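Novice: Just dropping this structure here.
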Amino acid sequence: MEYRETEYNTDLTKVHHTNYVRNSRAIVVLWAIFTCIFFILNVVVWIQPQWIGDTGDSAVAGFFGLYKYCVETSVGSDFICNGDFISWESILNSYFKATSVMVGVSCLLSIASIACFLLFCLVNTATVLRICAWLQLMSGLLITVSCIVYPGGWDHSQVRQVCGLKSGSYNIGECGMRWGYALAIVLIFDAFILCILAFVLAAKQANLLPEIYKKEKEALKD
C-alpha cells in the first residue's frame with residue numbers, strides 16, 4: 001500500500017512538473033517575442049525625426065528627431081531634411097549628439113540581447129535570461145537618460161525657428177511632443193518590464209526533471 005502511494009505521488013509530481021515546465025517555456029517564448037518587438041521599436045525611435053514638431057501656433061512647419069530634422073522653407077512647399085548620424089557635424093548640438101549615441105547604443109544592446117537567444121542551445125536557460133536581463137536594463141537606462149537630456153538641445157536657433165523665440169532649453173515653446181518621443185517613453189517601461197520578467201524567469205527556471213524523478217533514474221542505472 002505504501003509503495004503504491006509513493007508511486008502515485010511520484011507520477012503526480014511528474015505531471016505537475018511537466019505542466020510547470022511547459023508554462024514556463026511558453027512565457028519565455030512570449031518574452032523573446034516582445035524582446036524582438038522592443039528592438040524594432042527602438043530602431044524606429046532612433047531613425048524617425050518625430051520627437052518634437054510644429055503645432056498650429058508655430059510660425060514655420062517642421063519636426064525634429066535625434067539627429068535628423070525637417071523644415072518647410074515656405075508655406076505649401078516640401079520639407080527639406082538635414083542631419084545624418086554618419087555626418088557628425090550635421091547634428092544640431094551636443095545634446096542631440098549625446099541622445100543619438102545613447103539611443104543608438106540602446107539599439108545595439110537590443111541586438112545583442114536577441115543574439116543571445118543562440119546561447120539557449122549552449123548553456124542553461126537561466127544563464128541566458130540573466131544576460132539578456134542585464135542588457136535590457138542597460139538599454140532601458142540609456143533611453144531614460146536620452147529622454148531627460150534631449151530637451152536640453154531645444155535652445156538651438158533651428159529649433160527656435162520652428163518652436164518660436166520662447167522655446168529654449170527644456171522649454172518646447174510653440175512646438176509639441178510627437179509620437180517618437182512618446183514611444184521612447186513607452187520603451188523605457190517596456191525595457192524595465194522585460195528586464196524584471198527575465199530576472200524572475202531566471203530565478204524560477206525549473207529543472208527539466210524533479211528531484212524524485214532524478215533519483216529514480218539513478219536507481220535504475222545502478
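Here, A, B, ... name the chains of the C-alpha cells in the order displayed, residue numbers run from 1 inside each chain, and ligands are numbered from 1 in the same displayed order.
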Give me every strand (DSSP E or B) residue in range 117-203 of chain A, going by DSSP on the backbone, as a compact mmCIF listing (two decimals) with C-alpha atoms, in the first residue's frame.

Specialist:
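Output saved as states_26.txt:
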```
# COMPACT_ATOMS: atom_id res chain seq x y z
CA GLY A 168 14.68 77.17 -25.08
CA ASN A 171 11.07 74.72 -22.93
CA GLY A 176 4.55 69.84 -29.35
CA MET A 177 5.75 66.37 -28.48
```

Novice: Can you pull out the residues contacting Gly152 in chain A? Cut-off 7 Å, using only C-alpha atoms, and skip same-chain residues under 6 positions away; I want them as an NGL selection string.

Specialist: :A and (95 or 169-170)

Novice: Hey, could you make a per-residue contact list for range 99-165 of chain A against range 52-74 of chain A with 12 Å as the cut-off, showing the nearest pair of atoms and its distance in Å to one decimal, counting only C-alpha atoms, sorted by chain and number, as a tab-separated table?

Specialist:
```
residue	atom	partner	partner_atom	distance
A:Thr99	CA	A:Leu66	CA	6.4
A:Ser100	CA	A:Leu66	CA	5.3
A:Val101	CA	A:Leu66	CA	9.1
A:Met102	CA	A:Leu66	CA	10.1
A:Val103	CA	A:Leu66	CA	8.7
A:Gly104	CA	A:Leu66	CA	9.9
A:Ile143	CA	A:Leu66	CA	11.9
A:Ser146	CA	A:Leu66	CA	9.5
A:Cys147	CA	A:Leu66	CA	10.4
A:Val149	CA	A:Leu66	CA	11.0
A:Tyr150	CA	A:Leu66	CA	7.9
A:Pro151	CA	A:Ile52	CA	9.6
A:Gly153	CA	A:Leu66	CA	10.0
A:Trp154	CA	A:Ile52	CA	9.6
A:His156	CA	A:Phe64	CA	11.6
A:Gln158	CA	A:Val71	CA	8.9
A:Val159	CA	A:Phe64	CA	7.9
A:Arg160	CA	A:Val60	CA	9.8
A:Gln161	CA	A:Val60	CA	6.9
A:Val162	CA	A:Val60	CA	4.9
A:Cys163	CA	A:Ser58	CA	5.9
A:Gly164	CA	A:Ser58	CA	6.7
A:Leu165	CA	A:Ala59	CA	10.3
```

Novice: Which of these, A:Cys116, A:Ile188, A:Cys121, A:Ile91, has the shortest distance to Met138 in chain A once you count only C-alpha atoms?

Specialist: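 Residue with the minimum atom-to-atom distance to Met138 in chain A: A:Ile188.
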
Novice: Among the residues of range 1-209 of chain A, find those DSSP assigns to alpha helix (DSSP H) from the backbone and print them as a PyMOL selection string.

Specialist: chain A and resi 2-47+94-115+125-149+157-163+179-203

Novice: Please provide the set of residues having any atom within 12 Å of range 32-39 of chain A, restricted to only C-alpha atoms, with same-chain residues fewer than 2 positions apart removed, written as an NGL selection string.

Specialist: :A and (25-30 or 41-46 or 103-118 or 120 or 128-129 or 132-133 or 135-136 or 139-140 or 183-184 or 186-195 or 197-198 or 201)

Novice: For CA of Pro49 in chain A and CA of Asp84 in chain A, quote the distance in Å rounded to one decimal.

Specialist: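 These atoms are spaced 11.0 Å apart.
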
Novice: Any idea what the distance is between CA of Ser77 in chain A and CA of Glu174 in chain A?

Specialist: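 CA of Ser77 in chain A sits 20.8 Å away from CA of Glu174 in chain A.
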